[in-house]
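What follows is a single structure, written as structure tokens, with notes after it.
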Amino acid sequence: MSKKAVVFIGHGSRRGNSNENFEALVEAYQDFTPDVKVYHGYIELAKPFMGDAIRQAAEESSEVTVMPLLLFRAGHAKNDIPLVLDEVRKEFPNVNFKAADVLGPHPKMAQLAFLRGTETGLLSESSDNSDTAVVFIGRGSSDPDANSDFYKQSRSFSEGRGFQWVLPCFIGITEPKLQEALELMARIKPKKLLVIPYFLLTGVLIERIQQQVEEFNRDFPWVKAKMAPPLEAHNLLFETITDRLSQAEDKSYNLACDGCRYRVPLPKQEDHLGGLKALLMSQRHTFTHNQAMPQEHTHKPIKKHVLVCGNVDCVDKGAIKTLACLRNELKKCGKNKEIIVTRTSCMGRCGEGPTMAVYPDGIWYKEVQADDIEELVETHLIGDKLVPRLIDDIMS
């Protein structure tokens with residue numbers, strides 16, 4: 001038996017050439033990693049079905065990782081694949097099954113989309129792209145999680161590259177639609193318009209996008225749009241797949257850190273790379289700080305910060321007594337280390353004093369006297385309920 005196997009799961013299509021393109025991609029990854037036995041299966045519309053492909057891999061390997069070659073998590077990745085994998089696990093109790101994540105938002109995939117854009121001649125890694133607008137197109141899903149991840153990838157694609165405009169949109173299922181995005185671009189009238197179809201492979205939706213771009217160029221000749229090819233086979237794609245497979249091996253991997261500027265060199269953010277060093281320094285600081293100061297750490301986060309005006313007008317109306325009563329009341333109930341009180345200079349509320357502001361709540365109280373303090377502490381500072389009769393303003 002082979003020790004390790006990877007089963008790539010595709011959606012499947014009624015069009016034979018679409019399935020052939022998927023299988024060619026799988027074969028290309030096999031060439032990229034010849035030490036791993038690779039299989040493929042489909043969720044629907046084509047054979048072999050994913051269950052059959054996983055079973056075949058389990059018969060020939062002691063360790064099987066299922067890798068959905070899907071761009072984002074939606075119903076197939078969340079429901080269909082896990083249900084089938086659970087069935088096969090019961091049939092092969094001696095095989096170690098693992099499930100990798102979908103490709104998802106990833107800086108290498110964003111870089112690949114940018115490279116496909118350069119193939120149109122409109123973009124350059126080194127030149128100014130401020131005269132270029134981009135329509136970034138996804139398939140669209142009924143799952144809001146998948147749609148939000150698409151927007152995240154769109155932002156990752158645009159970050160640091162200085163485009164005039166990057167507009168995410170969809171070809172189907174959800175809004176905004178490609179047609180709406182193109183019409184908006186006709187109004188903006190950018191010097192260059194690049195259409196990026198964020199699709200793994202070519203297919204019927206790519207053809208539909210191409211048709212709409214051609215109609216746009218015919219109807220709005222003052223803006224010339226060029227369409228990039230889909231992502232397709234590339235080392236950046238294969239490296240992303242390898243990342244996901246590695247994460248499936250590492251059971252401790254549970255952080256959504258793929259786009260973190262401290263872990264990957266994002267465009268124009270390279271100086272931030274090296275988060276591990278920062279993490280180690282932070283840990284060392286915590287350790288040495290605690291060694292030097294065995295008492296409760298002075299950096300402990302506070303829950304509220306109360307500002308009391310100590311300027312002349314408020315002092316004349318009793319602010320010093322109010323301030324003293326507030327501090328005493330907080331100390332009496334043991335909250336003086338998590339609710340900090342600061343005497344300030346004029347806070348611009350003259351005539352309404354004594355004035356008190358509570359942050360981060362953004363609540364401003366007026367005419368606060370010493371007799372009001374017990375109620376304010378118990379109701380607001382501890383109970384998180386407002387004292388309406390004293391409210392002057394609520395900051396948004």
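Just so we're on the same page: first chain in the structure tokens is A, next is B, and so on; residues restart at 1 for each chain, and ligands are numbered from 1 in the order they show up.
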- Task: Show which residues sit within 9 Å of Tyr198 of chain A, as number ranges by chain. Count only C-alpha atoms, and ignore same-chain residues fewer than 6 positions away.
- Result: A: 71, 113, 136-139, 150, 229-231
Next, the residues of the selection above should be written as a CSV table (one decimal), in the first residue's frame with N, CA and C atoms.
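And here's result.csv as it stands now:
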chain,number,residue,atom,x,y,z
A,71,LEU,N,-12.8,27.3,-4.5
A,71,LEU,CA,-12.2,28.6,-4.1
A,71,LEU,C,-12.7,29.0,-2.7
A,113,ALA,N,-3.9,36.0,-9.2
A,113,ALA,CA,-4.9,36.8,-9.9
A,113,ALA,C,-4.2,38.1,-10.5
A,136,PHE,N,-13.6,42.9,-10.3
A,136,PHE,CA,-13.1,41.6,-9.7
A,136,PHE,C,-14.3,40.7,-9.6
A,137,ILE,N,-14.4,39.6,-10.4
A,137,ILE,CA,-15.7,38.9,-10.5
A,137,ILE,C,-15.6,37.5,-9.8
A,138,GLY,N,-16.6,37.2,-9.0
A,138,GLY,CA,-16.7,35.9,-8.4
A,138,GLY,C,-17.9,35.2,-8.9
A,139,ARG,N,-18.0,33.9,-8.6
A,139,ARG,CA,-19.2,33.1,-9.1
A,139,ARG,C,-20.5,33.6,-8.4
A,150,PHE,N,-14.9,36.1,-0.5
A,150,PHE,CA,-14.6,36.6,-1.8
A,150,PHE,C,-14.2,38.1,-1.7
A,229,PRO,N,-7.3,36.0,-18.1
A,229,PRO,CA,-7.7,34.6,-18.1
A,229,PRO,C,-8.0,34.1,-16.7
A,230,PRO,N,-8.7,33.0,-16.5
A,230,PRO,CA,-8.9,32.5,-15.1
A,230,PRO,C,-7.6,32.0,-14.5
A,231,LEU,N,-7.6,31.6,-13.3
A,231,LEU,CA,-6.4,31.3,-12.5
A,231,LEU,C,-5.6,30.2,-13.1
- Note on the structure: Restricting to only C-alpha atoms, whichever of A:Val204, A:His40, A:Met227, A:Val213 is closest to Gly121 of chain A is A:Met227
- Message: What parts of segment 65-192 of chain A does DSSP call helix (DSSP H, G or I)? I'd like the answer as a ChimeraX atom specification.
- Response: /A:75-91,107-118,144-158,178-188
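Omitting Thr322 of chain A and its sequence neighbours fewer than 2 positions away, and counting only C-alpha atoms, the residues within 9 Å are Val308, Gly318, Ala319, Ile320, Ala324, Cys325, Leu326, Arg327, Pro354, Val368, Gln369, Ala370, Asp371, Asp372 and Ile373 of chain A.
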Write a file of the selected residues as a CSV table (one decimal), in the first residue's frame, keeping C-alpha atoms.
chain,number,residue,atom,x,y,z
A,308,VAL,CA,-14.3,64.4,35.7
A,318,GLY,CA,-18.8,70.9,43.6
A,319,ALA,CA,-16.6,68.9,41.2
A,320,ILE,CA,-13.8,68.2,43.8
A,324,ALA,CA,-13.5,62.4,45.9
A,325,CYS,CA,-16.8,60.6,46.4
A,326,LEU,CA,-16.4,58.7,43.1
A,327,ARG,CA,-12.9,57.5,44.0
A,354,PRO,CA,-19.8,69.1,37.3
A,368,VAL,CA,-23.2,65.3,38.8
A,369,GLN,CA,-23.1,65.9,42.5
A,370,ALA,CA,-21.7,63.9,45.3
A,371,ASP,CA,-25.2,62.5,46.2
A,372,ASP,CA,-25.4,61.1,42.6
A,373,ILE,CA,-22.2,59.0,42.8
- Query: Looking at A:Ala5, A:Met109, A:Ile196, A:Val223, which one is nearest to Ser62 of chain A, with distances taken over only C-alpha atoms?
  - Reply: A:Ala5
- Query: Which distance in Å separates atom CA of Phe8 of chain A and atom CA of Leu200 of chain A, to one decimal?
  - Reply: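 According to the coordinates, atom CA of Phe8 of chain A and atom CA of Leu200 of chain A are separated by 13.6 Å.
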- Message: When you look at Glu159 of chain A with a cut-off of 7 Å (counting only C-alpha atoms), what residues show up, excluding the ones that are within fewer than 3 positions of it in the same chain? I need them as a PyMOL selection string.
- Response: chain A and resi 155-156+267
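Proximity ranking of A:Gly75, A:Pro82, A:Gly140, A:Gly334 relative to Ile54 of chain A places A:Pro82 first, based on only C-alpha atoms.
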- Message: Just the number, please: distance in Å from atom CA of Asp86 of chain A to atom CA of Glu27 of chain A, one decimal.
- Response: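 Atom CA of Glu27 of chain A lies 26.3 Å from atom CA of Asp86 of chain A.
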